[in-house]
Each structure stands twice: as structure tokens, then as C-alpha cells.
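Enquirer: Right, I'll just put the structure down here and ask away after.
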Amino acid sequence: MPERVDVAFGVLNAKKRRTMPRKPGQNSEFVMFDVVYEDGTRRSNRKVPRTLTGGTDGDKRAHGFLIEQDRDIAEKSGTPPANIKSITRSGAKKTRDLAWKKAC
């Protein structure tokens with residue numbers, strides 16, 4: 001059996017390559033959201049603390065956090081805040097795309 005050496009970045013076998021470390025996944029403290037406004041503009045990858053997502057109310061608390069964030073930005077820039085039309089998690093699959101794949 002080949003000699004196996006454990007290293008900080010993965011496992012190194014005598015005949016195999018070193019394996020890459022895994023991505024942190026759920027360990028990050030933020031969740032990224034895409035925000036679409038009523039005027040049609042879109043802002044991607046807005047950070048929301050993970051503690052505000054999930055639970056019984058889903059992402060409603062994240063929606064409120066984004067509204068407050070927009071108010072602060074509008075106040076600092078001197079422009080009126082835009083009304084949010086919808087929010088979705090960045091990288092989430094759209095339900096329309098899923099329905100199309102199920103039909104095929």
C-alpha cells in the first residue's frame with residue numbers, strides 16, 4: 001500500500017495528486033442577494049448577515065435589512081431611495097427555469 005501523508009491543504013498519496021481544500025459553504029457570515037427595483041435597475045451581490053436569513057419568516061428580515069441599507073445609501077448620496085420590487089439569493093435557480101427542465 002502506498003505511503004499516505006496528511007498535509008494542511010489536503011491528502012497527498014504517493015501516486016496521486018494533492019486534493020484541493022473544500023469551499024467553506026455555510027460557514028460564511030453573509031448571504032448574497034440580487035435586488036431588482038421598481039424602475040428596472042438591478043444590484044447584485046448585496047451582503048446580508050446570515051443571522052437575518054432563514055427561520056420561520058424566510059428572507060423577510062433580509063428584505064427589511066436591504067430597505068434600511070438603501071435608505072442609508074440614499075441619505076448619504078442625496079437621492080431618494082428606490083423601491084425594491086424583488087429580492088433573490090445570488091446564484092439561486094429561478095422557478096421558471098426549473099419548471100422548464102421538469103417539462104423536458
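Chain lettering (A, B, ...) mirrors the order of the C-alpha cells, residue numbering begins at 1 for each chain separately, and ligand numbering begins at 1 in order of display.
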Determine, counting only C-alpha atoms, which protein, DNA and RNA residues have an atom within 10 Å of an atom of segment 44-56 of chain A; residues of the same chain fewer than 4 positions away are not included. Present the result as JSON, numbers by chain.

Expert: {"A": [26, 27, 28, 29, 30, 31, 32, 33, 34, 35, 36, 60, 61, 62, 63, 64, 65, 66, 69, 87, 88, 89, 90, 91]}

Enquirer: Put those residues in a file: N, CA and C atoms, as a short mmCIF file (atom, residue, chain, number, x, y, z; two decimals), in the first residue's frame.

Expert:
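And here is the file that came out, again-v1.cif:
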data_model
loop_
_atom_site.label_atom_id
_atom_site.label_comp_id
_atom_site.auth_asym_id
_atom_site.auth_seq_id
_atom_site.Cartn_x
_atom_site.Cartn_y
_atom_site.Cartn_z
N GLN A 26 -21.51 26.97 4.08
CA GLN A 26 -22.38 27.61 5.06
C GLN A 26 -21.61 28.33 6.16
N ASN A 27 -20.30 28.29 6.14
CA ASN A 27 -19.52 28.89 7.22
C ASN A 27 -19.38 30.40 7.09
N SER A 28 -19.74 30.99 5.94
CA SER A 28 -19.59 32.43 5.79
C SER A 28 -20.64 33.16 6.63
N GLU A 29 -20.34 34.37 7.00
CA GLU A 29 -21.27 35.11 7.86
C GLU A 29 -22.27 35.94 7.07
N PHE A 30 -22.15 35.98 5.74
CA PHE A 30 -23.06 36.76 4.90
C PHE A 30 -23.72 35.88 3.86
N VAL A 31 -24.93 36.30 3.44
CA VAL A 31 -25.64 35.69 2.32
C VAL A 31 -25.77 36.79 1.28
N MET A 32 -25.54 36.45 0.03
CA MET A 32 -25.59 37.44 -1.05
C MET A 32 -26.96 37.43 -1.72
N PHE A 33 -27.50 38.62 -2.00
CA PHE A 33 -28.80 38.76 -2.63
C PHE A 33 -28.70 39.63 -3.87
N ASP A 34 -29.54 39.34 -4.87
CA ASP A 34 -29.72 40.19 -6.04
C ASP A 34 -31.01 40.97 -5.80
N VAL A 35 -30.95 42.28 -6.00
CA VAL A 35 -32.10 43.15 -5.73
C VAL A 35 -32.55 43.78 -7.05
N VAL A 36 -33.85 43.67 -7.35
CA VAL A 36 -34.44 44.31 -8.52
C VAL A 36 -35.36 45.41 -8.01
N LYS A 60 -37.71 37.55 4.81
CA LYS A 60 -38.39 38.83 5.04
C LYS A 60 -37.52 39.79 5.84
N ARG A 61 -36.81 39.26 6.82
CA ARG A 61 -35.93 40.12 7.62
C ARG A 61 -34.79 40.64 6.75
N ALA A 62 -34.33 39.84 5.79
CA ALA A 62 -33.29 40.29 4.87
C ALA A 62 -33.82 41.43 4.00
N HIS A 63 -35.09 41.33 3.60
CA HIS A 63 -35.73 42.39 2.80
C HIS A 63 -35.74 43.71 3.59
N GLY A 64 -36.11 43.63 4.86
CA GLY A 64 -36.10 44.83 5.70
C GLY A 64 -34.70 45.40 5.87
N PHE A 65 -33.71 44.53 6.01
CA PHE A 65 -32.31 44.97 6.13
C PHE A 65 -31.88 45.70 4.86
N LEU A 66 -32.26 45.18 3.70
CA LEU A 66 -31.88 45.82 2.43
C LEU A 66 -32.58 47.17 2.27
N GLN A 69 -30.65 49.54 4.40
CA GLN A 69 -29.37 49.80 3.75
C GLN A 69 -29.55 50.80 2.60
N ILE A 87 -36.36 40.47 -4.30
CA ILE A 87 -35.01 40.05 -3.94
C ILE A 87 -34.93 38.54 -4.13
N THR A 88 -33.77 38.08 -4.58
CA THR A 88 -33.50 36.65 -4.71
C THR A 88 -32.07 36.40 -4.25
N ARG A 89 -31.83 35.22 -3.74
CA ARG A 89 -30.47 34.88 -3.34
C ARG A 89 -29.60 34.79 -4.59
N SER A 90 -28.41 35.33 -4.51
CA SER A 90 -27.49 35.27 -5.65
C SER A 90 -27.17 33.81 -5.95
N GLY A 91 -27.22 33.46 -7.21
CA GLY A 91 -26.92 32.10 -7.62
C GLY A 91 -28.07 31.13 -7.49
#

Enquirer: Tell me, in Å to one decimal, how far atom CA of Pro81 of chain A is from atom CA of Gly58 of chain A.

Expert: 24.0 Å
